[in-house]
Each structure stands twice: as C-alpha cells, then as structure tokens.
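Visitor: Here it is, the structure, as structure tokens.
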Amino acid sequence: MREEFGDGEAVALRLARGAAPGDLIDGADPVGWLALDSGARSWLLRDALPTRAEVDGEHRHVLTESRAALALCHGDGRIREAALETAPRFPALLALVVIRCADWAEPVRERARRLLRETLDADAAVPLAPLVLLLGRRGRGAFGVEVLGDVLRGASREQLGRLCADGDRSVRRFAHRLAVAEGRLSAAELARAAARDPDPAVQTLCAEAAVALLPEGAAADDVLGPLLAARGPRVRSIGVTALRRAGRPERAVDFLADRSGVVRACARYVVRQYGTDPLPWYRRLVTGAGDEALPPGAVMGLAECGVRADAELLARLLAHPSPGVRAAAVAGSRFLDVTDVPRFRELLDDPAPGVVRETTVNLLPSAGALDAGWLMDRLAAGRARHARVAAFRLLDARGGLVRLRAAVALLDDPDVKLRGWAERSVRQWYPTPDVPLGSEEVAALLDRGRHLFGERVLTRRKREAGAPG
C-alpha cells in the first residue's frame, strides 16, 4: 500500500488490482464504505477506474465485483448511474447503492432509490442500518431512513433485537423507537432495556414506554423492579414516579435519600401525594449525626426541602466521619443560602477533595473576606493538589493585584493544569480600581509573564495600570 494514499484511496487501489470488497471492508462498517466512495474519486486513481464503455457497453455483464464497486464510486455521474444496473448481481455492494440514494446527481439518486426499494429486505437492512442512519444526517439522506423503517417493521424479534443491542448509539435509538411505536416489546422488556442501555435517550424512551403500559394500580414488580434498581438516575426517577400510579408510596420512602437530586425530588412528590411530609423524615435521619451509615442524599434532601433554621443541623455534620456527608452538608448550606465564612475556611484544609471543592464554591462570593497571605501559603508545592486548586480559585476570584500575584506565582508550577489556569489568568488580567497606579510590583509581575503577551499587548497592559516601563 503506497503511503501517499489515504485509507479510502488505498482500498480503491487494491480494488483496481482485483481484491474483493468483502476482503477490504467490513460489511457493517459505514465509515469504510464512505471512505471508499470518497477515495475512489482521487485524481491519483483516475487511470485505474472503469471507463464508461466498460460499464455501459455490451461487455458489462462480465464486470467483476471489484470493478463494479469502483464504478459505483466514480466521479462521472453517468458511470455511477450505469453501474447501478449491474449492482444487483453483487449483494455485498448494496452499501454503495445506499450511498448513491443520497447522490447529488438526480438521475443517479432516483435510480438508486428504485433499486433499494426493490432489493432491501430485513436480512440486509440489519447490517446496513448504521450506514443508512449515518447518511440520514446528511442532505438527501432521509429517503434511506424511511426505507429502513418500512423494512424493519416486518423484521423478526431476533433481527430487531440485534439492532437494539448494536454498538452504535444511533442504531439503538432508531430500533427502540421503532419497537415502541410498533408495540414489539412488553412493559417488562422495555423496563429491562431502560435499565441496561447506557444511552440516556434510550433509557428515557424505554422507561416512559414501560410505565405507560402499566394499568392503574398494578403492582408490576417485573416492570418497577428494573426501573428502581437502574443505575441511570433518569430511569430511577421515572420508576419512582410510577409508584404513585401503582399505589405504592411506601417504596418511594426508600428513595428520599437517593444519591440523585432528581430521584429525591420524585420521591418527595410521591409521598406528598399520599399526605406525608418528607421534611420530618429527613430531620429525624440527619439528627443521628454520629451514624456513619448516614447517606449523603439524606443531607441534601433536608437542604432541598428545608428552611434556613435547618442549617444548624447541617453544621453539626461538618465534622462527620464520612467525606460524602461532610461535602453534602457544605453543599446543603449553599441551598439554604447560609454562608459561615470562618467555619467554612477551616474546611479548606479537609483531606477530602470533594469537601474542599464544595467549600470553595461556597466561599467564592466571599473571597474578599479571606486573608490573602493565608491563601497564598496554600499555593505551596508541598500542599495537597485539591487544597492548592481551591486556594488559587479563591485568590483568582479576588481580582486585582492579589489575583496577579497568585497567577504569576504558578507560572513555573510543575502541575500542568494548574499552570495552564494561571497562564490564562495572567493573560486575562486587567487592573481594577484597587490596584495602585504606578506600581513597580505590577510592572515586575507582568514582566515575569512577558512570554504570554506580545510586546504591544504587554506595553498597553502596563500603561493601563500606570506601571513604569
């Protein structure tokens, strides 16, 4: 294979030398067929492609599969159109017929569409689905998607199941939409699909369809069980909401402390519909502050539906042995609009990165109330990385000269990400009213970051700060 050829051009060259398409391209690989279609038009291959006489003449019945594939990708529309007459002899080339259905030349496009309507069946549609759907995103590609849907409506459960389990996300979405529209899957099968598939769009589609099939008041553990046990929070939330329809609010209580906020909200909705206020439940659970098994979701749930007075309950959890609970207590205080700067400042030295991240978010609006020297000490290379990041975020939020000092101090830092944030901060720095005019320190700091500016920008920045030089 010659190095100057791209992948598609290399495949076209090997076809011109007699190799079979099936030996070069995986029949289910849409990228391979599209690369061939593009690569065959390279000027480097112009002398290796079939001529019009070869395709449209009296000897076209002896055209080989390899030559037919090249003809279907030819830059001359008349040759592509003529090659479509030969295409039915080679089932493996149906992928190229699909591509020609979106051809820019109308005669080629119309003939390819008639051919696809006549030849495509469920057996061929399954492996071609990724290519059809990929082309469907392009102009003139909707026809192939329409034909694919028409054909797959008559597909067997096994064929449709293969598409529902395909590695291509767009194929799984298409297959599940078709299965739901045609009623091909039961509520239990849809629930299992929602719990199993990693794609949020498929999860939501199948979970909502499964719940819609449930009769009012039905227990349906074979449906609710997979939904409630699903990893995806969207699926769990749909399952929890369905507990109201099933008349089983007692199961919703188990999800009041779920790790996902949307699931907790749905659980609160269900229990309220049956006359239960979730707030006392949260308070009772959180009051056992020494319980190491206290779920962080219970802490967040209290904050989500509590009042400002509940902030005191959360404050007791700031020393809880579980990092997750401590982080939730900090985040929950933000929900209740309570900021205790001295107390939160101590948490910047917490060993858990999650706690420090939440604490930093809480303190950012009050960054000016923190001692700049104390924060600068936490930029030292010997500190934990999460502590250094938190200190820089807070110093950066202060703006002015403090921000410039902190950023320049990290310009040679070995931590690549931290150094990148510092460089961006220096580039975006502008003097604020609190920066003393004519400050030699500002000039020196900007000079240390000289490599980040052009000379004209550096001179202008100094002039704006009234700095010498």
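Starting from 1 in every chain, residues are counted up; chains themselves are A, B, ... following the order of the structure tokens, and ligands are numbered from 1 as listed.
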List every residue of region 71-189 of chain A that DSSP, applied to the backbone, labels as alpha helix (DSSP H), and write the result as a tab-separated table (two decimals) with N, CA and C atoms, in the first residue's frame.

Guide:
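Final file, result_0.tsv:
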```
chain	number	residue	atom	x	y	z
A	71	ALA	N	-16.90	1.54	-10.08
A	71	ALA	CA	-17.80	2.28	-10.96
A	71	ALA	C	-18.89	2.99	-10.16
A	72	LEU	N	-19.37	2.36	-9.10
A	72	LEU	CA	-20.41	2.98	-8.27
A	72	LEU	C	-19.89	4.20	-7.51
A	77	GLY	N	-21.03	10.96	-13.10
A	77	GLY	CA	-22.37	10.52	-12.73
A	77	GLY	C	-22.96	9.53	-13.71
A	78	ARG	N	-22.61	9.64	-15.00
A	78	ARG	CA	-23.15	8.70	-15.99
A	78	ARG	C	-22.62	7.30	-15.75
A	79	ILE	N	-21.38	7.19	-15.28
A	79	ILE	CA	-20.81	5.88	-14.97
A	79	ILE	C	-21.44	5.32	-13.69
A	80	ARG	N	-21.65	6.18	-12.69
A	80	ARG	CA	-22.31	5.72	-11.47
A	80	ARG	C	-23.72	5.21	-11.77
A	81	GLU	N	-24.43	5.95	-12.64
A	81	GLU	CA	-25.80	5.55	-12.97
A	81	GLU	C	-25.82	4.22	-13.71
A	82	ALA	N	-24.92	4.06	-14.66
A	82	ALA	CA	-24.86	2.81	-15.42
A	82	ALA	C	-24.47	1.64	-14.53
A	83	ALA	N	-23.59	1.88	-13.56
A	83	ALA	CA	-23.14	0.80	-12.68
A	83	ALA	C	-24.27	0.27	-11.81
A	94	LEU	N	-24.60	-3.55	-1.92
A	94	LEU	CA	-25.82	-2.82	-1.58
A	94	LEU	C	-25.50	-1.59	-0.73
A	95	ALA	N	-24.39	-1.65	0.01
A	95	ALA	CA	-23.99	-0.48	0.80
A	95	ALA	C	-23.71	0.72	-0.11
A	96	LEU	N	-23.11	0.48	-1.26
A	96	LEU	CA	-22.84	1.58	-2.19
A	96	LEU	C	-24.12	2.07	-2.85
A	97	VAL	N	-25.09	1.18	-3.03
A	97	VAL	CA	-26.39	1.61	-3.53
A	97	VAL	C	-27.04	2.57	-2.52
A	98	VAL	N	-26.91	2.23	-1.24
A	98	VAL	CA	-27.44	3.11	-0.19
A	98	VAL	C	-26.80	4.49	-0.30
A	99	ILE	N	-25.50	4.54	-0.51
A	99	ILE	CA	-24.80	5.82	-0.63
A	99	ILE	C	-25.28	6.59	-1.85
A	100	ARG	N	-25.52	5.88	-2.94
A	100	ARG	CA	-25.98	6.54	-4.16
A	100	ARG	C	-27.40	7.09	-4.01
A	106	GLU	N	-29.38	13.87	-9.69
A	106	GLU	CA	-30.74	13.34	-9.57
A	106	GLU	C	-30.95	12.04	-10.32
A	107	PRO	N	-30.47	11.87	-11.58
A	107	PRO	CA	-30.68	10.58	-12.25
A	107	PRO	C	-30.07	9.41	-11.49
A	108	VAL	N	-28.88	9.61	-10.93
A	108	VAL	CA	-28.23	8.56	-10.14
A	108	VAL	C	-29.05	8.28	-8.88
A	109	ARG	N	-29.46	9.34	-8.24
A	109	ARG	CA	-30.20	9.22	-6.98
A	109	ARG	C	-31.52	8.49	-7.18
A	110	GLU	N	-32.27	8.84	-8.22
A	110	GLU	CA	-33.58	8.22	-8.43
A	110	GLU	C	-33.46	6.75	-8.80
A	111	ARG	N	-32.46	6.43	-9.63
A	111	ARG	CA	-32.30	5.01	-9.99
A	111	ARG	C	-31.86	4.19	-8.78
A	112	ALA	N	-30.99	4.74	-7.95
A	112	ALA	CA	-30.54	4.03	-6.75
A	112	ALA	C	-31.70	3.81	-5.79
A	113	ARG	N	-32.57	4.79	-5.66
A	113	ARG	CA	-33.71	4.66	-4.75
A	113	ARG	C	-34.68	3.59	-5.21
A	114	ARG	N	-34.93	3.53	-6.51
A	114	ARG	CA	-35.80	2.45	-7.02
A	114	ARG	C	-35.19	1.09	-6.74
A	115	LEU	N	-33.88	1.00	-6.94
A	115	LEU	CA	-33.19	-0.26	-6.72
A	115	LEU	C	-33.22	-0.66	-5.24
A	116	LEU	N	-33.04	0.31	-4.35
A	116	LEU	CA	-33.05	0.00	-2.93
A	116	LEU	C	-34.43	-0.48	-2.49
A	117	ARG	N	-35.48	0.16	-2.99
A	117	ARG	CA	-36.84	-0.26	-2.66
A	117	ARG	C	-37.09	-1.71	-3.10
A	118	GLU	N	-36.52	-2.07	-4.23
A	118	GLU	CA	-36.78	-3.40	-4.78
A	118	GLU	C	-35.97	-4.49	-4.09
A	119	THR	N	-34.79	-4.17	-3.59
A	119	THR	CA	-33.87	-5.21	-3.13
A	119	THR	C	-33.69	-5.31	-1.62
A	122	ALA	N	-35.20	-7.40	5.31
A	122	ALA	CA	-34.81	-7.29	6.72
A	122	ALA	C	-33.42	-7.86	6.96
A	123	ASP	N	-33.08	-8.97	6.30
A	123	ASP	CA	-31.76	-9.57	6.49
A	123	ASP	C	-30.64	-8.61	6.10
A	124	ALA	N	-30.85	-7.89	4.99
A	124	ALA	CA	-29.82	-6.95	4.53
A	124	ALA	C	-29.88	-5.64	5.31
A	125	ALA	N	-31.07	-5.27	5.80
A	125	ALA	CA	-31.23	-3.99	6.48
A	125	ALA	C	-30.50	-3.95	7.80
A	126	VAL	N	-30.41	-5.07	8.50
A	126	VAL	CA	-29.80	-5.07	9.83
A	126	VAL	C	-28.33	-4.62	9.77
A	127	PRO	N	-27.48	-5.24	8.95
A	127	PRO	CA	-26.08	-4.76	8.91
A	127	PRO	C	-25.92	-3.39	8.25
A	128	LEU	N	-26.89	-2.98	7.42
A	128	LEU	CA	-26.76	-1.70	6.73
A	128	LEU	C	-27.30	-0.53	7.56
A	129	ALA	N	-27.98	-0.82	8.66
A	129	ALA	CA	-28.61	0.24	9.44
A	129	ALA	C	-27.64	1.34	9.87
A	130	PRO	N	-26.42	1.02	10.36
A	130	PRO	CA	-25.51	2.12	10.74
A	130	PRO	C	-25.19	3.07	9.58
A	131	LEU	N	-24.99	2.51	8.38
A	131	LEU	CA	-24.69	3.35	7.23
A	131	LEU	C	-25.89	4.20	6.85
A	132	VAL	N	-27.07	3.60	6.82
A	132	VAL	CA	-28.29	4.34	6.45
A	132	VAL	C	-28.52	5.50	7.41
A	133	LEU	N	-28.37	5.25	8.70
A	133	LEU	CA	-28.64	6.29	9.68
A	133	LEU	C	-27.56	7.36	9.67
A	134	LEU	N	-26.32	6.98	9.37
A	134	LEU	CA	-25.26	7.98	9.26
A	134	LEU	C	-25.53	8.89	8.07
A	135	LEU	N	-25.94	8.32	6.95
A	135	LEU	CA	-26.28	9.13	5.77
A	135	LEU	C	-27.52	9.96	6.02
A	142	ALA	N	-32.69	11.35	3.96
A	142	ALA	CA	-33.90	10.92	4.66
A	142	ALA	C	-34.58	9.73	3.98
A	143	PHE	N	-34.40	9.61	2.67
A	143	PHE	CA	-35.07	8.52	1.95
A	143	PHE	C	-34.63	7.16	2.48
A	144	GLY	N	-33.32	6.99	2.66
A	144	GLY	CA	-32.82	5.71	3.14
A	144	GLY	C	-33.36	5.36	4.51
A	145	VAL	N	-33.49	6.36	5.40
A	145	VAL	CA	-34.02	6.12	6.74
A	145	VAL	C	-35.48	5.69	6.64
A	146	GLU	N	-36.22	6.31	5.74
A	146	GLU	CA	-37.63	5.94	5.55
A	146	GLU	C	-37.76	4.50	5.08
A	147	VAL	N	-36.95	4.12	4.11
A	147	VAL	CA	-37.00	2.74	3.61
A	147	VAL	C	-36.58	1.76	4.70
A	148	LEU	N	-35.56	2.12	5.45
A	148	LEU	CA	-35.11	1.25	6.53
A	148	LEU	C	-36.24	1.01	7.53
A	149	GLY	N	-36.96	2.06	7.91
A	149	GLY	CA	-38.07	1.90	8.83
A	149	GLY	C	-39.16	1.01	8.27
A	150	ASP	N	-39.48	1.19	6.98
A	150	ASP	CA	-40.52	0.37	6.36
A	150	ASP	C	-40.14	-1.11	6.37
A	151	VAL	N	-38.87	-1.37	6.08
A	151	VAL	CA	-38.42	-2.77	6.01
A	151	VAL	C	-38.38	-3.40	7.39
A	152	LEU	N	-37.87	-2.66	8.38
A	152	LEU	CA	-37.71	-3.23	9.72
A	152	LEU	C	-39.03	-3.43	10.45
A	157	ARG	N	-38.26	-10.70	15.73
A	157	ARG	CA	-37.80	-10.24	17.04
A	157	ARG	C	-36.28	-10.37	17.16
A	158	GLU	N	-35.74	-11.43	16.58
A	158	GLU	CA	-34.29	-11.63	16.66
A	158	GLU	C	-33.55	-10.53	15.90
A	159	GLN	N	-34.04	-10.17	14.72
A	159	GLN	CA	-33.39	-9.13	13.93
A	159	GLN	C	-33.49	-7.78	14.62
A	160	LEU	N	-34.67	-7.46	15.15
A	160	LEU	CA	-34.84	-6.20	15.84
A	160	LEU	C	-34.01	-6.17	17.13
A	161	GLY	N	-33.90	-7.34	17.78
A	161	GLY	CA	-33.09	-7.43	18.99
A	161	GLY	C	-31.62	-7.16	18.73
A	162	ARG	N	-31.13	-7.60	17.57
A	162	ARG	CA	-29.74	-7.33	17.21
A	162	ARG	C	-29.49	-5.83	17.08
A	163	LEU	N	-30.47	-5.12	16.52
A	163	LEU	CA	-30.32	-3.68	16.37
A	163	LEU	C	-30.45	-2.97	17.72
A	164	CYS	N	-31.31	-3.48	18.58
A	164	CYS	CA	-31.47	-2.87	19.91
A	164	CYS	C	-30.21	-3.04	20.76
A	169	ARG	N	-24.89	3.94	18.92
A	169	ARG	CA	-25.96	4.56	19.70
A	169	ARG	C	-27.14	4.98	18.84
A	170	SER	N	-26.88	5.53	17.65
A	170	SER	CA	-27.97	5.98	16.80
A	170	SER	C	-28.81	4.81	16.32
A	171	VAL	N	-28.17	3.64	16.11
A	171	VAL	CA	-28.91	2.45	15.69
A	171	VAL	C	-29.82	1.98	16.82
A	172	ARG	N	-29.29	1.96	18.04
A	172	ARG	CA	-30.12	1.53	19.18
A	172	ARG	C	-31.30	2.47	19.38
A	173	ARG	N	-31.06	3.75	19.24
A	173	ARG	CA	-32.16	4.70	19.38
A	173	ARG	C	-33.24	4.45	18.33
A	174	PHE	N	-32.82	4.27	17.09
A	174	PHE	CA	-33.77	4.04	16.00
A	174	PHE	C	-34.55	2.75	16.23
A	175	ALA	N	-33.85	1.69	16.61
A	175	ALA	CA	-34.50	0.40	16.81
A	175	ALA	C	-35.48	0.45	17.98
A	176	HIS	N	-35.11	1.10	19.06
A	176	HIS	CA	-36.02	1.17	20.21
A	176	HIS	C	-37.23	2.05	19.91
A	177	ARG	N	-37.02	3.13	19.18
A	177	ARG	CA	-38.18	3.95	18.78
A	177	ARG	C	-39.15	3.15	17.94
A	178	LEU	N	-38.59	2.37	17.02
A	178	LEU	CA	-39.44	1.53	16.16
A	178	LEU	C	-40.16	0.47	16.99
A	179	ALA	N	-39.43	-0.16	17.91
A	179	ALA	CA	-40.03	-1.21	18.74
A	179	ALA	C	-41.16	-0.66	19.59
A	180	VAL	N	-40.97	0.55	20.13
A	180	VAL	CA	-42.03	1.16	20.95
A	180	VAL	C	-43.22	1.53	20.09
A	181	ALA	N	-42.96	2.14	18.94
A	181	ALA	CA	-44.07	2.56	18.06
A	181	ALA	C	-44.88	1.38	17.56
A	187	ALA	N	-43.94	-4.42	28.52
A	187	ALA	CA	-43.53	-3.46	29.54
A	187	ALA	C	-42.30	-3.95	30.29
A	188	ALA	N	-42.25	-5.23	30.61
A	188	ALA	CA	-41.11	-5.78	31.34
A	188	ALA	C	-39.84	-5.72	30.49
A	189	GLU	N	-39.96	-6.02	29.20
A	189	GLU	CA	-38.79	-5.97	28.31
A	189	GLU	C	-38.30	-4.53	28.17
```

Visitor: Please provide as a list in words all residues within 9 Å of Leu243 (chain A), with the sequence filter that same-chain residues fewer than 6 positions apart are discarded (counting only C-alpha atoms).

Guide: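 The residues that qualify are Ala219, Leu224, Pro249, Glu250, Arg251, Ala252, Ala267 and Val270 of chain A.
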
Visitor: Smallest atom-to-atom distance to Val356 (chain A): which of A:Phe335, A:Ser237, A:Thr86, A:His386, using only C-alpha atoms?

Guide: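 Answer, going by the shortest atom-to-atom distance: A:His386.
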
Visitor: List the spatial neighbours of region 284-286 of chain A as a PyMOL selection string - criterion: any atom at most 7 Å away, only C-alpha atoms, same-chain residues fewer than 3 positions off excluded.

Guide: chain A and resi 280-281+289+298-299

Visitor: Could you write out the selected residues, including C-alpha atoms, as a PDB file, in the first residue's frame?

Guide:
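As written to disk, part33.pdb reads:
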```pdb
ATOM      1  CA  PRO A 280     -39.662  15.490  59.378  1.00  0.00           C
ATOM      2  CA  TRP A 281     -38.329  12.231  57.945  1.00  0.00           C
ATOM      3  CA  ALA A 289     -25.248  12.749  63.100  1.00  0.00           C
ATOM      4  CA  ALA A 298     -30.436  12.449  53.125  1.00  0.00           C
ATOM      5  CA  VAL A 299     -28.370  15.529  53.954  1.00  0.00           C
TER       6      VAL A 299
END
```

Visitor: Could you check the closest approach to Phe255 (chain A) for each of A:Val330, A:Ala194, A:Ala229, A:Ala40 and tell me which residue wins, using only C-alpha atoms?

Guide: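 Among A:Val330, A:Ala194, A:Ala229, A:Ala40, it is A:Ala229 that comes nearest to Phe255 (chain A).
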
Visitor: Ranking A:Ala407, A:Ala242, A:Gly225, A:Cys305 by minimum distance to Arg268 (chain A) and counting only C-alpha atoms, which one comes first?

Guide: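 Ranking A:Ala407, A:Ala242, A:Gly225, A:Cys305 by distance to Arg268 (chain A), first place goes to A:Cys305.
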
Visitor: Near region 318-321 of chain A, counting only C-alpha atoms, which residues have an atom at most 10 Å away, once you skip same-chain residues fewer than 6 positions from it, shown as a VMD selection string?

Guide: chain A and resid 289 to 294 327 to 330 343 to 344 347 350 355

Visitor: Those selected residues, please, written with all heavy atoms and delivered as a compact mmCIF listing (two decimals), in the first residue's frame.

Guide:
```
# COMPACT_ATOMS: atom_id res chain seq x y z
N ALA A 289 -26.46 12.29 63.78
CA ALA A 289 -25.25 12.75 63.10
C ALA A 289 -24.07 11.80 63.27
O ALA A 289 -23.14 11.80 62.48
CB ALA A 289 -24.87 14.14 63.60
N GLY A 290 -24.08 11.00 64.33
CA GLY A 290 -22.95 10.10 64.53
C GLY A 290 -23.06 8.82 63.75
O GLY A 290 -22.15 7.98 63.79
N ASP A 291 -24.15 8.65 63.04
CA ASP A 291 -24.36 7.43 62.28
C ASP A 291 -23.47 7.44 61.04
O ASP A 291 -23.68 8.23 60.13
CB ASP A 291 -25.83 7.32 61.89
CG ASP A 291 -26.14 6.04 61.12
OD1 ASP A 291 -25.23 5.19 60.99
OD2 ASP A 291 -27.27 5.89 60.64
N GLU A 292 -22.48 6.56 61.01
CA GLU A 292 -21.56 6.54 59.87
C GLU A 292 -22.25 6.08 58.60
O GLU A 292 -21.74 6.29 57.49
CB GLU A 292 -20.36 5.64 60.18
CG GLU A 292 -19.48 6.18 61.30
CD GLU A 292 -18.19 5.40 61.42
OE1 GLU A 292 -17.86 4.65 60.48
OE2 GLU A 292 -17.50 5.56 62.43
N ALA A 293 -23.40 5.43 58.74
CA ALA A 293 -24.13 4.95 57.56
C ALA A 293 -25.09 6.01 57.01
O ALA A 293 -25.84 5.73 56.08
CB ALA A 293 -24.92 3.69 57.92
N LEU A 294 -25.08 7.20 57.58
CA LEU A 294 -25.96 8.26 57.10
C LEU A 294 -25.67 8.54 55.63
O LEU A 294 -24.55 8.90 55.26
CB LEU A 294 -25.74 9.54 57.92
CG LEU A 294 -26.53 10.78 57.49
CD1 LEU A 294 -28.02 10.55 57.73
CD2 LEU A 294 -26.04 12.01 58.24
N ALA A 327 -19.28 16.78 52.61
CA ALA A 327 -19.46 17.54 51.36
C ALA A 327 -20.92 17.91 51.15
O ALA A 327 -21.23 19.04 50.72
CB ALA A 327 -18.95 16.72 50.18
N ALA A 328 -21.83 16.98 51.45
CA ALA A 328 -23.26 17.27 51.30
C ALA A 328 -23.70 18.35 52.28
O ALA A 328 -24.55 19.19 51.95
CB ALA A 328 -24.07 15.99 51.51
N ALA A 329 -23.15 18.35 53.50
CA ALA A 329 -23.50 19.38 54.47
C ALA A 329 -23.07 20.75 53.99
O ALA A 329 -23.79 21.75 54.15
CB ALA A 329 -22.87 19.05 55.83
N VAL A 330 -21.89 20.84 53.38
CA VAL A 330 -21.42 22.11 52.85
C VAL A 330 -22.30 22.57 51.69
O VAL A 330 -22.76 23.71 51.63
CB VAL A 330 -19.95 22.00 52.39
CG1 VAL A 330 -19.49 23.31 51.74
CG2 VAL A 330 -19.05 21.66 53.57
N ARG A 343 -16.21 29.31 59.65
CA ARG A 343 -16.36 27.85 59.79
C ARG A 343 -15.96 27.14 58.50
O ARG A 343 -15.28 26.11 58.53
CB ARG A 343 -17.80 27.53 60.16
CG ARG A 343 -18.08 26.03 60.29
CD ARG A 343 -19.53 25.82 60.72
NE ARG A 343 -19.70 26.06 62.15
CZ ARG A 343 -20.89 26.10 62.76
NH1 ARG A 343 -21.98 25.94 62.07
NH2 ARG A 343 -20.96 26.30 64.06
N PHE A 344 -16.37 27.69 57.35
CA PHE A 344 -16.04 27.04 56.08
C PHE A 344 -14.55 27.16 55.77
O PHE A 344 -13.97 26.30 55.10
CB PHE A 344 -16.85 27.65 54.94
CG PHE A 344 -18.30 27.23 54.96
CD1 PHE A 344 -19.28 28.07 54.45
CD2 PHE A 344 -18.69 26.02 55.48
CE1 PHE A 344 -20.61 27.70 54.46
CE2 PHE A 344 -20.02 25.63 55.49
CZ PHE A 344 -20.99 26.48 54.99
N LEU A 347 -12.56 24.26 56.62
CA LEU A 347 -12.75 23.07 55.77
C LEU A 347 -11.88 23.10 54.52
O LEU A 347 -11.80 22.11 53.80
CB LEU A 347 -14.22 22.95 55.37
CG LEU A 347 -15.18 22.60 56.52
CD1 LEU A 347 -16.63 22.67 56.05
CD2 LEU A 347 -14.88 21.21 57.07
N ASP A 350 -9.56 20.33 54.69
CA ASP A 350 -10.13 18.98 54.81
C ASP A 350 -9.35 18.02 53.89
O ASP A 350 -8.98 18.39 52.77
CB ASP A 350 -11.60 19.00 54.42
CG ASP A 350 -12.33 17.73 54.85
OD1 ASP A 350 -12.17 16.69 54.17
OD2 ASP A 350 -13.03 17.78 55.86
N VAL A 355 -15.01 17.61 49.69
CA VAL A 355 -15.38 18.60 50.71
C VAL A 355 -14.76 19.95 50.37
O VAL A 355 -15.42 21.00 50.45
CB VAL A 355 -14.92 18.13 52.10
CG1 VAL A 355 -15.24 19.19 53.15
CG2 VAL A 355 -15.58 16.81 52.47
```

Visitor: As an NGL selection string, please: the residues near Asp337 (chain A) (cut-off 10 Å, only C-alpha atoms, same-chain neighbours under 4 positions excluded).

Guide: :A and (303 or 307-308 or 311 or 331-333 or 362)

Visitor: Against region 435-457 of chain A, which residues of region 319-403 of chain A fall within 10 Å? For each one I want the closest pair of atoms and the distance in Å (one decimal), counting only C-alpha atoms, rows by chain and increasing residue number, as a Markdown table.

Guide:
```
| residue | atom | partner | partner_atom | distance |
| --- | --- | --- | --- | --- |
| A:Gly399 | CA | A:Val435 | CA | 9.5 |
| A:Gly400 | CA | A:Val435 | CA | 5.9 |
| A:Leu401 | CA | A:Val435 | CA | 5.9 |
| A:Val402 | CA | A:Val435 | CA | 9.2 |
```

Visitor: Could you turn the residues from that selection into a file that holds C-alpha atoms, as a PDB file, in the first residue's frame?

Guide:
```
ATOM      1  CA  GLY A 399      -9.142  40.055  41.333  1.00  0.00           C
ATOM      2  CA  GLY A 400      -6.740  42.968  41.297  1.00  0.00           C
ATOM      3  CA  LEU A 401      -3.169  42.712  42.459  1.00  0.00           C
ATOM      4  CA  VAL A 402      -3.880  39.623  44.599  1.00  0.00           C
TER       5      VAL A 402
END
```

Visitor: Here is a test: counting only C-alpha atoms, which residue of A:Leu227, A:Ala465, A:Pro215, A:Leu404 is nearest to Arg245 (chain A)?

Guide: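 Closest to Arg245 (chain A), using only C-alpha atoms: A:Pro215.
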
Visitor: May I have the residues within 12 Å of Asp413 (chain A) as JSON, numbers by chain, using only C-alpha atoms and disregarding those fewer than 5 positions away in the same chain?

Guide: {"A": [379, 380, 381, 382, 385, 388, 406, 407, 408, 418, 419, 420, 421, 422, 423]}

Visitor: Export C-alpha atoms of the chosen residues as a JSON list (two decimals), in the first residue's frame?

Guide:
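The resulting file, selection_27.json, is shown below:
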```json
[["chain", "number", "residue", "atom", "x", "y", "z"],
["A", 379, "LEU", "CA", -0.32, 27.52, 46.95],
["A", 380, "ALA", "CA", 2.95, 25.97, 48.13],
["A", 381, "ALA", "CA", 4.06, 22.91, 46.20],
["A", 382, "GLY", "CA", 4.02, 20.74, 49.32],
["A", 385, "ARG", "CA", -3.36, 19.39, 44.99],
["A", 388, "ARG", "CA", -3.80, 24.34, 46.03],
["A", 406, "ALA", "CA", -1.22, 34.28, 42.70],
["A", 407, "ALA", "CA", -1.23, 33.59, 38.96],
["A", 408, "VAL", "CA", 2.39, 34.65, 38.41],
["A", 418, "LEU", "CA", -2.70, 24.49, 37.46],
["A", 419, "ARG", "CA", -0.02, 26.19, 35.39],
["A", 420, "GLY", "CA", -2.44, 26.48, 32.46],
["A", 421, "TRP", "CA", -5.10, 28.10, 34.66],
["A", 422, "ALA", "CA", -2.50, 30.54, 35.95],
["A", 423, "GLU", "CA", -1.36, 31.45, 32.42]]
```
